[in-house]
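One structure is given here, and the rest of the page talks about it.
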Amino acid sequence: RASCAGLRLRSAAGRALTTGAPCFCSTFDVAVVGAGIVGLASARELVLRHPSLAFAVLEKEKELAYHQSGHNSGVIHSGIYYTPGSLKAKLCVQGAALCYEYCDQKGIPYKQCGKLIVAVEQDEIPRLKALYERGLQNNVRGLKLIGAKEIQAKEPFCRGLMALDSPYTGIVNYKQVAQSYAEDFQEAGGTILTDFEVTDMEMAKESSSGSEDGKAIFVLLLLQFCKRGKEIYCRHIVTCAGLYSDRLSEISGCSPEPRIVPFRGDYLVLKPEKCYMVKGNIYPVPNPRFPFLGFHFTPRMDGSVWLGPNAVLAFKREGYKLSDFSTTDFLDAVLYSGLWKLVLRNLSYGLSEMYRACFLSAQVKQLQKFIPEVTVNDVLRGPSGVRAQALDSDGNLVDDFVFDGGTGDIGSRILHVRNAPSPAATSSLAIAKMIADEVKRRFEL
């Protein structure tokens, strides 16, 4: 392909690794930035739809699905919680069906272990019934309300007054799913470059050779600053950058809103000899006054059981430990007015979360509402994840998917996936179809 006028994206210094042949100066039609599960699903969908075009995936880490996609609970959500008619609801229900179908085709193991959303107080029952009605409106399969005896029949150690039974909820290893997407992408001719972080974007100089039918073909130049000076050219970019989606948008000259504020979720794990107490997912009835779901019991594909998570402000966007700190990330969060508006509206909840993060017994107390037999001696501190929470300037959590681009030479050639919140992993194949539709519309592929 001839090089021509385009955009230069600078990456951090480093070594450009490819899972295919070494690439010193290659040209692509579309580059997808971010090799999480949404980026890989989107790249897979694009290359399957447009086999004659050249696609690349760029990832700043040395491995795929390293952050949110590799640090999530592994739940295949059924679509109960989300506002009827929202993208989140539609894509989750579609995505769950596609996820099960894909896993069956590829031989990826999963368990359809179900979920109970359990009311333990009388005042939770009206909210539970409203959640049931919402699930029906979202066309969630197999939902039913059950009483205390039926709860114990399904979960012998669980106590509750009433529960919403969602038998279609399952669990899977999403890192394995993401890796399978990557294999599909490569088999269809796509190129994956790891250790390639995009840090700047600018138009490349025009070349007279870059024309077709008398019209200039604009490409994007992605430059890896390293000893060998590797270069990549492409015409368009799709960003699926998760925790860095707002920064990539700003680099490209697009809107800084919504902003990403990172929240760390710390899990406990049941000791192996106590895992028999949990059969499937056990969730609380969500409280609409608070922004997050609360503590729940999540079985894992390896037989372990995760408990949690909490939700506290992370002092580093990819900080999985309490001690992880980034001055840039910390200042970005605490100087943002939207965060303070959120904090002031949820002050008591936030203080409670911070308290529970410090004291194991406080977390166990939350769990004992559902399984009274759980004690502090039955649990260990487990892994953590960081959620890329999109927040607007009024302090509202952006609860739905956000896709945008911009204007001008750079912005008009980029599609940003600005917010793909949970359940993005469940919805990944459905999201990918929507992104591919939007790419075709915007870029006229």
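Letters A, B, ... mark the chains of the structure tokens in the order given; residue numbers begin at 1 per chain; ligand numbers begin at 1, in order shown.
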Please identify the strand (DSSP E) residues within region 277-413 of chain A (assignment by DSSP from backbone atoms) and present them as a PyMOL selection string. chain A and resi 281-284+296-299+305-308+312-313+379-391+402-404
Give me the residues near Val47 (chain A) as a PyMOL selection string, where near means some atom within 8 Å (using only C-alpha atoms) and where sequence neighbours in that chain fewer than 3 positions away do not count. chain A and resi 43-44+50-51+53-55+185+188-190
Those selected residues, please, written with N, CA and C atoms and delivered as a PDB file, in the first residue's frame.
ATOM      1  N   ALA A  43     -12.133  -6.089  16.854  1.00  0.00           N
ATOM      2  CA  ALA A  43     -11.183  -6.371  15.775  1.00  0.00           C
ATOM      3  C   ALA A  43     -11.566  -7.652  15.049  1.00  0.00           C
ATOM      4  N   ARG A  44     -11.976  -8.654  15.807  1.00  0.00           N
ATOM      5  CA  ARG A  44     -12.414  -9.924  15.207  1.00  0.00           C
ATOM      6  C   ARG A  44     -13.602  -9.704  14.291  1.00  0.00           C
ATOM      7  N   HIS A  50     -14.753  -7.650   6.808  1.00  0.00           N
ATOM      8  CA  HIS A  50     -13.985  -6.999   5.731  1.00  0.00           C
ATOM      9  C   HIS A  50     -12.677  -7.755   5.498  1.00  0.00           C
ATOM     10  N   PRO A  51     -12.756  -8.982   4.998  1.00  0.00           N
ATOM     11  CA  PRO A  51     -11.542  -9.808   4.867  1.00  0.00           C
ATOM     12  C   PRO A  51     -10.518  -9.245   3.888  1.00  0.00           C
ATOM     13  N   LEU A  53      -9.562  -6.126   3.818  1.00  0.00           N
ATOM     14  CA  LEU A  53      -8.870  -5.000   4.432  1.00  0.00           C
ATOM     15  C   LEU A  53      -7.854  -5.495   5.460  1.00  0.00           C
ATOM     16  N   ALA A  54      -6.916  -4.614   5.787  1.00  0.00           N
ATOM     17  CA  ALA A  54      -5.852  -4.961   6.740  1.00  0.00           C
ATOM     18  C   ALA A  54      -6.137  -4.315   8.091  1.00  0.00           C
ATOM     19  N   PHE A  55      -6.072  -5.120   9.157  1.00  0.00           N
ATOM     20  CA  PHE A  55      -6.379  -4.645  10.501  1.00  0.00           C
ATOM     21  C   PHE A  55      -5.233  -4.963  11.458  1.00  0.00           C
ATOM     22  N   PHE A 185      -8.978 -13.544  15.208  1.00  0.00           N
ATOM     23  CA  PHE A 185      -8.531 -12.337  14.501  1.00  0.00           C
ATOM     24  C   PHE A 185      -7.271 -12.618  13.688  1.00  0.00           C
ATOM     25  N   ALA A 188      -7.777 -14.867  10.675  1.00  0.00           N
ATOM     26  CA  ALA A 188      -8.428 -14.163   9.571  1.00  0.00           C
ATOM     27  C   ALA A 188      -7.505 -13.138   8.914  1.00  0.00           C
ATOM     28  N   GLY A 189      -6.256 -13.074   9.375  1.00  0.00           N
ATOM     29  CA  GLY A 189      -5.275 -12.193   8.746  1.00  0.00           C
ATOM     30  C   GLY A 189      -4.909 -10.953   9.526  1.00  0.00           C
ATOM     31  N   GLY A 190      -5.460 -10.770  10.720  1.00  0.00           N
ATOM     32  CA  GLY A 190      -5.158  -9.590  11.523  1.00  0.00           C
ATOM     33  C   GLY A 190      -3.795  -9.683  12.193  1.00  0.00           C
TER      34      GLY A 190
END
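The shortest atom-to-atom distance to Pro288 (chain A), with only C-alpha atoms taken into account, belongs to A:Leu131 out of A:Ile151, A:Val379, A:Leu131, A:Ala35.
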Please identify all polymer residues within 8 Å of region 418-428 of chain A, counting only C-alpha atoms, omitting same-chain residues fewer than 3 positions from it, and present them as a ChimeraX atom specification. /A:37-38,41-42,69,75-77,88,91-96,99,174,240-242,245-246,249,258,388-390,398-404,431-432
Keeping only C-alpha atoms, write those residues as a CSV table (one decimal), in the first residue's frame.
chain,number,residue,atom,x,y,z
A,37,ILE,CA,-12.0,-8.2,25.5
A,38,VAL,CA,-14.0,-5.4,23.8
A,41,ALA,CA,-14.0,-8.8,19.9
A,42,SER,CA,-14.3,-5.6,17.8
A,69,SER,CA,-10.7,-8.2,31.1
A,75,VAL,CA,-19.9,-13.7,35.5
A,76,ILE,CA,-22.0,-14.1,32.3
A,77,HIS,CA,-24.8,-11.6,33.2
A,88,LYS,CA,-26.7,-1.8,28.2
A,91,LEU,CA,-26.4,-5.6,24.4
A,92,CYS,CA,-26.2,-7.7,27.6
A,93,VAL,CA,-29.2,-9.9,26.7
A,94,GLN,CA,-27.9,-10.3,23.1
A,95,GLY,CA,-24.3,-10.7,24.3
A,96,ALA,CA,-25.1,-13.4,26.8
A,99,CYS,CA,-21.3,-15.7,24.6
A,174,TYR,CA,-13.0,-14.1,30.2
A,240,CYS,CA,-11.1,0.5,23.2
A,241,ALA,CA,-8.8,1.8,25.9
A,242,GLY,CA,-10.8,1.2,29.1
A,245,SER,CA,-10.2,6.0,27.1
A,246,ASP,CA,-10.6,9.7,28.2
A,249,SER,CA,-9.8,11.0,23.4
A,258,PRO,CA,-16.9,11.7,30.2
A,388,ALA,CA,-13.0,2.3,34.6
A,389,GLN,CA,-15.9,4.3,35.9
A,390,ALA,CA,-17.0,7.0,33.5
A,398,VAL,CA,-22.3,7.2,33.1
A,399,ASP,CA,-24.3,4.0,33.2
A,400,ASP,CA,-24.5,3.3,29.5
A,401,PHE,CA,-22.2,2.8,26.6
A,402,VAL,CA,-20.6,5.9,25.0
A,403,PHE,CA,-19.2,6.0,21.5
A,404,ASP,CA,-17.9,9.1,19.9
A,431,ILE,CA,-20.8,-4.6,21.3
A,432,ALA,CA,-18.4,-5.6,18.6
Using only C-alpha atoms, which residues sit within 10 Å of region 102-108 of chain A once same-chain residues fewer than 6 positions away are excluded, as a ChimeraX atom specification? /A:96,172-174,176-177,180-181,429
How would the residues just chosen look if you wrote them out with all heavy atoms as a PDB file, in the first residue's frame?
ATOM      1  N   ALA A  96     -25.080 -12.172  26.081  1.00  0.00           N
ATOM      2  CA  ALA A  96     -25.057 -13.422  26.849  1.00  0.00           C
ATOM      3  C   ALA A  96     -25.352 -14.612  25.944  1.00  0.00           C
ATOM      4  O   ALA A  96     -24.676 -15.651  26.011  1.00  0.00           O
ATOM      5  CB  ALA A  96     -26.065 -13.350  27.997  1.00  0.00           C
ATOM      6  N   VAL A 172     -17.528 -17.882  33.433  1.00  0.00           N
ATOM      7  CA  VAL A 172     -16.565 -18.290  32.414  1.00  0.00           C
ATOM      8  C   VAL A 172     -15.252 -17.574  32.714  1.00  0.00           C
ATOM      9  O   VAL A 172     -15.226 -16.596  33.476  1.00  0.00           O
ATOM     10  CB  VAL A 172     -17.081 -17.933  30.990  1.00  0.00           C
ATOM     11  CG1 VAL A 172     -17.002 -16.424  30.744  1.00  0.00           C
ATOM     12  CG2 VAL A 172     -16.345 -18.707  29.914  1.00  0.00           C
ATOM     13  N   ASN A 173     -14.175 -18.033  32.140  1.00  0.00           N
ATOM     14  CA  ASN A 173     -12.887 -17.344  32.240  1.00  0.00           C
ATOM     15  C   ASN A 173     -12.775 -16.396  31.051  1.00  0.00           C
ATOM     16  O   ASN A 173     -12.507 -16.826  29.928  1.00  0.00           O
ATOM     17  CB  ASN A 173     -11.748 -18.364  32.226  1.00  0.00           C
ATOM     18  CG  ASN A 173     -10.385 -17.713  32.380  1.00  0.00           C
ATOM     19  OD1 ASN A 173     -10.188 -16.534  32.079  1.00  0.00           O
ATOM     20  ND2 ASN A 173      -9.407 -18.483  32.852  1.00  0.00           N
ATOM     21  N   TYR A 174     -12.989 -15.098  31.294  1.00  0.00           N
ATOM     22  CA  TYR A 174     -13.033 -14.146  30.189  1.00  0.00           C
ATOM     23  C   TYR A 174     -11.662 -13.924  29.549  1.00  0.00           C
ATOM     24  O   TYR A 174     -11.595 -13.526  28.381  1.00  0.00           O
ATOM     25  CB  TYR A 174     -13.622 -12.815  30.646  1.00  0.00           C
ATOM     26  CG  TYR A 174     -15.135 -12.829  30.698  1.00  0.00           C
ATOM     27  CD1 TYR A 174     -15.814 -12.598  31.891  1.00  0.00           C
ATOM     28  CD2 TYR A 174     -15.887 -13.073  29.555  1.00  0.00           C
ATOM     29  CE1 TYR A 174     -17.200 -12.611  31.932  1.00  0.00           C
ATOM     30  CE2 TYR A 174     -17.274 -13.090  29.592  1.00  0.00           C
ATOM     31  CZ  TYR A 174     -17.922 -12.858  30.778  1.00  0.00           C
ATOM     32  OH  TYR A 174     -19.292 -12.880  30.816  1.00  0.00           O
ATOM     33  N   GLN A 176      -9.645 -16.303  28.843  1.00  0.00           N
ATOM     34  CA  GLN A 176      -9.614 -17.371  27.852  1.00  0.00           C
ATOM     35  C   GLN A 176     -10.484 -17.020  26.643  1.00  0.00           C
ATOM     36  O   GLN A 176     -10.116 -17.277  25.494  1.00  0.00           O
ATOM     37  CB  GLN A 176     -10.100 -18.677  28.494  1.00  0.00           C
ATOM     38  CG  GLN A 176      -9.960 -19.895  27.594  1.00  0.00           C
ATOM     39  CD  GLN A 176     -10.381 -21.177  28.299  1.00  0.00           C
ATOM     40  OE1 GLN A 176     -10.751 -21.172  29.479  1.00  0.00           O
ATOM     41  NE2 GLN A 176     -10.339 -22.293  27.589  1.00  0.00           N
ATOM     42  N   VAL A 177     -11.636 -16.405  26.897  1.00  0.00           N
ATOM     43  CA  VAL A 177     -12.508 -15.969  25.802  1.00  0.00           C
ATOM     44  C   VAL A 177     -11.796 -14.919  24.947  1.00  0.00           C
ATOM     45  O   VAL A 177     -11.802 -14.988  23.711  1.00  0.00           O
ATOM     46  CB  VAL A 177     -13.836 -15.411  26.344  1.00  0.00           C
ATOM     47  CG1 VAL A 177     -14.673 -14.826  25.219  1.00  0.00           C
ATOM     48  CG2 VAL A 177     -14.626 -16.504  27.067  1.00  0.00           C
ATOM     49  N   SER A 180      -9.232 -16.357  22.728  1.00  0.00           N
ATOM     50  CA  SER A 180      -9.843 -17.027  21.582  1.00  0.00           C
ATOM     51  C   SER A 180     -10.237 -16.012  20.509  1.00  0.00           C
ATOM     52  O   SER A 180     -10.066 -16.270  19.309  1.00  0.00           O
ATOM     53  CB  SER A 180     -11.072 -17.823  22.040  1.00  0.00           C
ATOM     54  OG  SER A 180     -11.649 -18.526  20.966  1.00  0.00           O
ATOM     55  N   TYR A 181     -10.758 -14.848  20.930  1.00  0.00           N
ATOM     56  CA  TYR A 181     -11.040 -13.780  19.966  1.00  0.00           C
ATOM     57  C   TYR A 181      -9.765 -13.402  19.209  1.00  0.00           C
ATOM     58  O   TYR A 181      -9.792 -13.186  17.990  1.00  0.00           O
ATOM     59  CB  TYR A 181     -11.566 -12.531  20.671  1.00  0.00           C
ATOM     60  CG  TYR A 181     -12.920 -12.613  21.313  1.00  0.00           C
ATOM     61  CD1 TYR A 181     -13.340 -11.616  22.197  1.00  0.00           C
ATOM     62  CD2 TYR A 181     -13.809 -13.655  21.045  1.00  0.00           C
ATOM     63  CE1 TYR A 181     -14.587 -11.655  22.802  1.00  0.00           C
ATOM     64  CE2 TYR A 181     -15.051 -13.707  21.644  1.00  0.00           C
ATOM     65  CZ  TYR A 181     -15.430 -12.703  22.531  1.00  0.00           C
ATOM     66  OH  TYR A 181     -16.667 -12.747  23.130  1.00  0.00           O
ATOM     67  N   LEU A 429     -19.403  -9.563  22.267  1.00  0.00           N
ATOM     68  CA  LEU A 429     -19.703  -9.887  20.861  1.00  0.00           C
ATOM     69  C   LEU A 429     -20.816  -9.003  20.312  1.00  0.00           C
ATOM     70  O   LEU A 429     -20.792  -8.620  19.134  1.00  0.00           O
ATOM     71  CB  LEU A 429     -20.076 -11.360  20.725  1.00  0.00           C
ATOM     72  CG  LEU A 429     -18.928 -12.352  20.917  1.00  0.00           C
ATOM     73  CD1 LEU A 429     -19.450 -13.785  20.922  1.00  0.00           C
ATOM     74  CD2 LEU A 429     -17.859 -12.183  19.848  1.00  0.00           C
TER      75      LEU A 429
END
Members of region 301-368 of chain A assigned helix (DSSP H, G or I) by DSSP, as an MDAnalysis selection string: chainID A and resid 327:334 337:345 347:358 360:367
Tell me which of A:Ser412, A:Asn346, A:Cys254, A:Val278 sits closest to Glu444 (chain A), counting only C-alpha atoms.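 Answer, going by the shortest atom-to-atom distance: A:Ser412.
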Nearest-residue call for Asp394 (chain A), choices A:Leu143, A:Ala178, A:Leu339, A:Ile282, using only C-alpha atoms: A:Leu339
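For Val334 (chain A), the residues within 12 Å (counting only C-alpha atoms, excluding itself and residues fewer than 3 positions away along the chain) are A:Arg259, A:Ile260, A:Val261, A:Pro262, A:Leu313, A:Ala314, A:Phe315, A:Lys316, A:Thr327, A:Thr328, A:Asp329, A:Phe330, A:Leu331, A:Ser337, A:Gly338, A:Leu339, A:Trp340, A:Lys341, A:Leu342, A:Val343.
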With only C-alpha atoms as the atoms that count, which of A:Tyr336, A:Tyr267, A:Phe325, A:Tyr320 lies nearest to Leu307 (chain A)? A:Tyr267
Smallest atom-to-atom distance to Leu445 (chain A): which of A:Leu293, A:Leu40, A:Val238, A:Leu46, using only C-alpha atoms? A:Leu46
What's around Glu155 (chain A) at 12 Å? Count only C-alpha atoms, leave out sequence neighbours fewer than 6 positions away in its own chain, and write the answer as number ranges by chain. A: 113-118, 148-149, 163, 165, 276-282, 297, 370-371
Those selected residues, please, written with N, CA and C atoms and delivered as a PDB file, in the first residue's frame.
ATOM      1  N   CYS A 113     -24.436 -21.724  36.247  1.00  0.00           N
ATOM      2  CA  CYS A 113     -24.722 -22.061  37.641  1.00  0.00           C
ATOM      3  C   CYS A 113     -25.851 -21.227  38.237  1.00  0.00           C
ATOM      4  N   GLY A 114     -26.327 -20.214  37.509  1.00  0.00           N
ATOM      5  CA  GLY A 114     -27.455 -19.416  37.970  1.00  0.00           C
ATOM      6  C   GLY A 114     -27.078 -18.357  38.996  1.00  0.00           C
ATOM      7  N   LYS A 115     -28.059 -17.537  39.323  1.00  0.00           N
ATOM      8  CA  LYS A 115     -27.864 -16.472  40.309  1.00  0.00           C
ATOM      9  C   LYS A 115     -29.148 -16.264  41.090  1.00  0.00           C
ATOM     10  N   LEU A 116     -29.000 -16.035  42.392  1.00  0.00           N
ATOM     11  CA  LEU A 116     -30.104 -15.614  43.241  1.00  0.00           C
ATOM     12  C   LEU A 116     -29.828 -14.196  43.725  1.00  0.00           C
ATOM     13  N   ILE A 117     -30.788 -13.294  43.495  1.00  0.00           N
ATOM     14  CA  ILE A 117     -30.731 -11.955  44.088  1.00  0.00           C
ATOM     15  C   ILE A 117     -31.650 -12.013  45.295  1.00  0.00           C
ATOM     16  N   VAL A 118     -31.078 -11.913  46.483  1.00  0.00           N
ATOM     17  CA  VAL A 118     -31.779 -12.313  47.710  1.00  0.00           C
ATOM     18  C   VAL A 118     -32.168 -11.106  48.551  1.00  0.00           C
ATOM     19  N   ALA A 148     -38.500 -18.513  50.697  1.00  0.00           N
ATOM     20  CA  ALA A 148     -37.401 -18.928  51.572  1.00  0.00           C
ATOM     21  C   ALA A 148     -37.033 -20.404  51.403  1.00  0.00           C
ATOM     22  N   LYS A 149     -38.048 -21.281  51.299  1.00  0.00           N
ATOM     23  CA  LYS A 149     -37.763 -22.714  51.175  1.00  0.00           C
ATOM     24  C   LYS A 149     -37.064 -23.035  49.859  1.00  0.00           C
ATOM     25  N   ALA A 163     -36.308 -14.312  46.783  1.00  0.00           N
ATOM     26  CA  ALA A 163     -35.178 -14.149  45.865  1.00  0.00           C
ATOM     27  C   ALA A 163     -35.665 -14.136  44.431  1.00  0.00           C
ATOM     28  N   ASP A 165     -34.692 -15.584  41.023  1.00  0.00           N
ATOM     29  CA  ASP A 165     -33.890 -16.692  40.495  1.00  0.00           C
ATOM     30  C   ASP A 165     -33.618 -16.456  39.009  1.00  0.00           C
ATOM     31  N   TYR A 276     -17.883 -25.357  49.659  1.00  0.00           N
ATOM     32  CA  TYR A 276     -19.119 -26.136  49.519  1.00  0.00           C
ATOM     33  C   TYR A 276     -20.356 -25.323  49.910  1.00  0.00           C
ATOM     34  N   MET A 277     -20.161 -24.222  50.618  1.00  0.00           N
ATOM     35  CA  MET A 277     -21.299 -23.429  51.093  1.00  0.00           C
ATOM     36  C   MET A 277     -21.978 -22.617  49.987  1.00  0.00           C
ATOM     37  N   VAL A 278     -21.331 -22.511  48.831  1.00  0.00           N
ATOM     38  CA  VAL A 278     -21.877 -21.682  47.743  1.00  0.00           C
ATOM     39  C   VAL A 278     -21.974 -22.511  46.472  1.00  0.00           C
ATOM     40  N   LYS A 279     -23.170 -22.585  45.899  1.00  0.00           N
ATOM     41  CA  LYS A 279     -23.401 -23.341  44.666  1.00  0.00           C
ATOM     42  C   LYS A 279     -23.337 -22.443  43.425  1.00  0.00           C
ATOM     43  N   GLY A 280     -24.029 -21.313  43.495  1.00  0.00           N
ATOM     44  CA  GLY A 280     -24.084 -20.380  42.369  1.00  0.00           C
ATOM     45  C   GLY A 280     -23.851 -18.959  42.842  1.00  0.00           C
ATOM     46  N   ASN A 281     -24.145 -17.989  41.989  1.00  0.00           N
ATOM     47  CA  ASN A 281     -23.986 -16.584  42.356  1.00  0.00           C
ATOM     48  C   ASN A 281     -25.084 -16.167  43.331  1.00  0.00           C
ATOM     49  N   ILE A 282     -24.693 -15.474  44.396  1.00  0.00           N
ATOM     50  CA  ILE A 282     -25.640 -14.936  45.374  1.00  0.00           C
ATOM     51  C   ILE A 282     -25.388 -13.440  45.480  1.00  0.00           C
ATOM     52  N   PHE A 297     -21.505 -13.224  46.355  1.00  0.00           N
ATOM     53  CA  PHE A 297     -20.770 -14.490  46.330  1.00  0.00           C
ATOM     54  C   PHE A 297     -20.659 -14.933  44.872  1.00  0.00           C
ATOM     55  N   PHE A 370     -26.403 -13.124  54.341  1.00  0.00           N
ATOM     56  CA  PHE A 370     -26.888 -14.130  53.393  1.00  0.00           C
ATOM     57  C   PHE A 370     -26.495 -15.547  53.806  1.00  0.00           C
ATOM     58  N   ILE A 371     -25.273 -15.711  54.258  1.00  0.00           N
ATOM     59  CA  ILE A 371     -24.819 -17.017  54.748  1.00  0.00           C
ATOM     60  C   ILE A 371     -24.274 -16.816  56.161  1.00  0.00           C
TER      61      ILE A 371
END
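Proximity ranking of A:Gly350, A:Phe157, A:Gly294, A:Ile232 relative to Val374 (chain A) places A:Phe157 first, based on only C-alpha atoms.
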Identify, on the basis of only C-alpha atoms, every residue whose closest approach to Lys129 (chain A) does not exceed 12 Å; exclude the query and any residue fewer than 2 positions from it along the same chain; express the result as an MDAnalysis selection string. chainID A and resid 80:81 117:119 122:127 131:136 143:146 162:165 285:286
Okay, now the selection with N, CA and C atoms, as a PDB file, in the first residue's frame?
ATOM      1  N   ILE A  80     -30.563  -8.332  33.946  1.00  0.00           N
ATOM      2  CA  ILE A  80     -31.678  -7.998  34.830  1.00  0.00           C
ATOM      3  C   ILE A  80     -31.698  -6.525  35.230  1.00  0.00           C
ATOM      4  N   TYR A  81     -30.548  -5.981  35.574  1.00  0.00           N
ATOM      5  CA  TYR A  81     -30.492  -4.704  36.287  1.00  0.00           C
ATOM      6  C   TYR A  81     -30.753  -3.472  35.430  1.00  0.00           C
ATOM      7  N   ILE A 117     -30.788 -13.294  43.495  1.00  0.00           N
ATOM      8  CA  ILE A 117     -30.731 -11.955  44.088  1.00  0.00           C
ATOM      9  C   ILE A 117     -31.650 -12.013  45.295  1.00  0.00           C
ATOM     10  N   VAL A 118     -31.078 -11.913  46.483  1.00  0.00           N
ATOM     11  CA  VAL A 118     -31.779 -12.313  47.710  1.00  0.00           C
ATOM     12  C   VAL A 118     -32.168 -11.106  48.551  1.00  0.00           C
ATOM     13  N   ALA A 119     -33.445 -11.034  48.904  1.00  0.00           N
ATOM     14  CA  ALA A 119     -33.940 -10.031  49.844  1.00  0.00           C
ATOM     15  C   ALA A 119     -33.865 -10.606  51.248  1.00  0.00           C
ATOM     16  N   GLN A 122     -37.558  -6.967  54.861  1.00  0.00           N
ATOM     17  CA  GLN A 122     -38.886  -6.751  54.270  1.00  0.00           C
ATOM     18  C   GLN A 122     -38.901  -5.577  53.293  1.00  0.00           C
ATOM     19  N   ASP A 123     -38.169  -4.501  53.607  1.00  0.00           N
ATOM     20  CA  ASP A 123     -38.201  -3.327  52.736  1.00  0.00           C
ATOM     21  C   ASP A 123     -37.475  -3.549  51.411  1.00  0.00           C
ATOM     22  N   GLU A 124     -36.788  -4.679  51.272  1.00  0.00           N
ATOM     23  CA  GLU A 124     -36.120  -4.995  50.005  1.00  0.00           C
ATOM     24  C   GLU A 124     -37.054  -5.710  49.024  1.00  0.00           C
ATOM     25  N   ILE A 125     -38.128  -6.273  49.520  1.00  0.00           N
ATOM     26  CA  ILE A 125     -39.022  -7.067  48.674  1.00  0.00           C
ATOM     27  C   ILE A 125     -39.659  -6.251  47.551  1.00  0.00           C
ATOM     28  N   PRO A 126     -40.175  -5.035  47.825  1.00  0.00           N
ATOM     29  CA  PRO A 126     -40.716  -4.252  46.697  1.00  0.00           C
ATOM     30  C   PRO A 126     -39.669  -3.964  45.623  1.00  0.00           C
ATOM     31  N   ARG A 127     -38.431  -3.693  46.026  1.00  0.00           N
ATOM     32  CA  ARG A 127     -37.363  -3.447  45.054  1.00  0.00           C
ATOM     33  C   ARG A 127     -37.040  -4.712  44.270  1.00  0.00           C
ATOM     34  N   LEU A 131     -37.365  -5.293  40.291  1.00  0.00           N
ATOM     35  CA  LEU A 131     -36.246  -5.820  39.505  1.00  0.00           C
ATOM     36  C   LEU A 131     -36.717  -6.983  38.627  1.00  0.00           C
ATOM     37  N   TYR A 132     -37.611  -7.792  39.154  1.00  0.00           N
ATOM     38  CA  TYR A 132     -38.202  -8.889  38.384  1.00  0.00           C
ATOM     39  C   TYR A 132     -38.945  -8.346  37.158  1.00  0.00           C
ATOM     40  N   GLU A 133     -39.748  -7.309  37.362  1.00  0.00           N
ATOM     41  CA  GLU A 133     -40.485  -6.700  36.250  1.00  0.00           C
ATOM     42  C   GLU A 133     -39.524  -6.113  35.218  1.00  0.00           C
ATOM     43  N   ARG A 134     -38.458  -5.510  35.695  1.00  0.00           N
ATOM     44  CA  ARG A 134     -37.460  -4.946  34.778  1.00  0.00           C
ATOM     45  C   ARG A 134     -36.814  -6.058  33.954  1.00  0.00           C
ATOM     46  N   GLY A 135     -36.484  -7.159  34.610  1.00  0.00           N
ATOM     47  CA  GLY A 135     -35.883  -8.283  33.893  1.00  0.00           C
ATOM     48  C   GLY A 135     -36.802  -8.838  32.819  1.00  0.00           C
ATOM     49  N   LEU A 136     -38.094  -8.904  33.133  1.00  0.00           N
ATOM     50  CA  LEU A 136     -39.066  -9.366  32.135  1.00  0.00           C
ATOM     51  C   LEU A 136     -39.113  -8.417  30.939  1.00  0.00           C
ATOM     52  N   LEU A 143     -36.597 -16.092  34.369  1.00  0.00           N
ATOM     53  CA  LEU A 143     -36.694 -15.419  35.663  1.00  0.00           C
ATOM     54  C   LEU A 143     -37.921 -15.872  36.443  1.00  0.00           C
ATOM     55  N   LYS A 144     -37.744 -16.006  37.750  1.00  0.00           N
ATOM     56  CA  LYS A 144     -38.897 -16.257  38.615  1.00  0.00           C
ATOM     57  C   LYS A 144     -38.583 -15.828  40.042  1.00  0.00           C
ATOM     58  N   LEU A 145     -39.609 -15.450  40.774  1.00  0.00           N
ATOM     59  CA  LEU A 145     -39.474 -15.114  42.187  1.00  0.00           C
ATOM     60  C   LEU A 145     -39.694 -16.378  43.015  1.00  0.00           C
ATOM     61  N   ILE A 146     -38.862 -16.588  44.019  1.00  0.00           N
ATOM     62  CA  ILE A 146     -38.972 -17.780  44.859  1.00  0.00           C
ATOM     63  C   ILE A 146     -38.955 -17.383  46.335  1.00  0.00           C
ATOM     64  N   MET A 162     -37.085 -13.712  50.228  1.00  0.00           N
ATOM     65  CA  MET A 162     -37.513 -13.904  48.845  1.00  0.00           C
ATOM     66  C   MET A 162     -36.298 -13.690  47.960  1.00  0.00           C
ATOM     67  N   ALA A 163     -36.308 -14.312  46.783  1.00  0.00           N
ATOM     68  CA  ALA A 163     -35.178 -14.149  45.865  1.00  0.00           C
ATOM     69  C   ALA A 163     -35.665 -14.136  44.431  1.00  0.00           C
ATOM     70  N   LEU A 164     -34.911 -13.477  43.596  1.00  0.00           N
ATOM     71  CA  LEU A 164     -35.122 -13.517  42.157  1.00  0.00           C
ATOM     72  C   LEU A 164     -34.145 -14.539  41.595  1.00  0.00           C
ATOM     73  N   ASP A 165     -34.692 -15.584  41.023  1.00  0.00           N
ATOM     74  CA  ASP A 165     -33.890 -16.692  40.495  1.00  0.00           C
ATOM     75  C   ASP A 165     -33.618 -16.456  39.009  1.00  0.00           C
ATOM     76  N   VAL A 285     -30.001  -7.374  46.942  1.00  0.00           N
ATOM     77  CA  VAL A 285     -30.905  -6.495  46.204  1.00  0.00           C
ATOM     78  C   VAL A 285     -30.232  -5.123  46.137  1.00  0.00           C
ATOM     79  N   PRO A 286     -29.986  -4.600  44.946  1.00  0.00           N
ATOM     80  CA  PRO A 286     -29.283  -3.310  44.867  1.00  0.00           C
ATOM     81  C   PRO A 286     -30.103  -2.182  45.475  1.00  0.00           C
TER      82      PRO A 286
END
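The space between CA of Arg247 (chain A) and CA of Cys234 (chain A) spans 20.6 Å.
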Between CA of Pro383 (chain A) and CA of Leu268 (chain A), what is the distance in Å, rounded to a tenth?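 Distance between the two atoms: 7.3 Å.
For the pair CA of Met301 (chain A) and CA of Lys175 (chain A), the interatomic distance is 11.8 Å.
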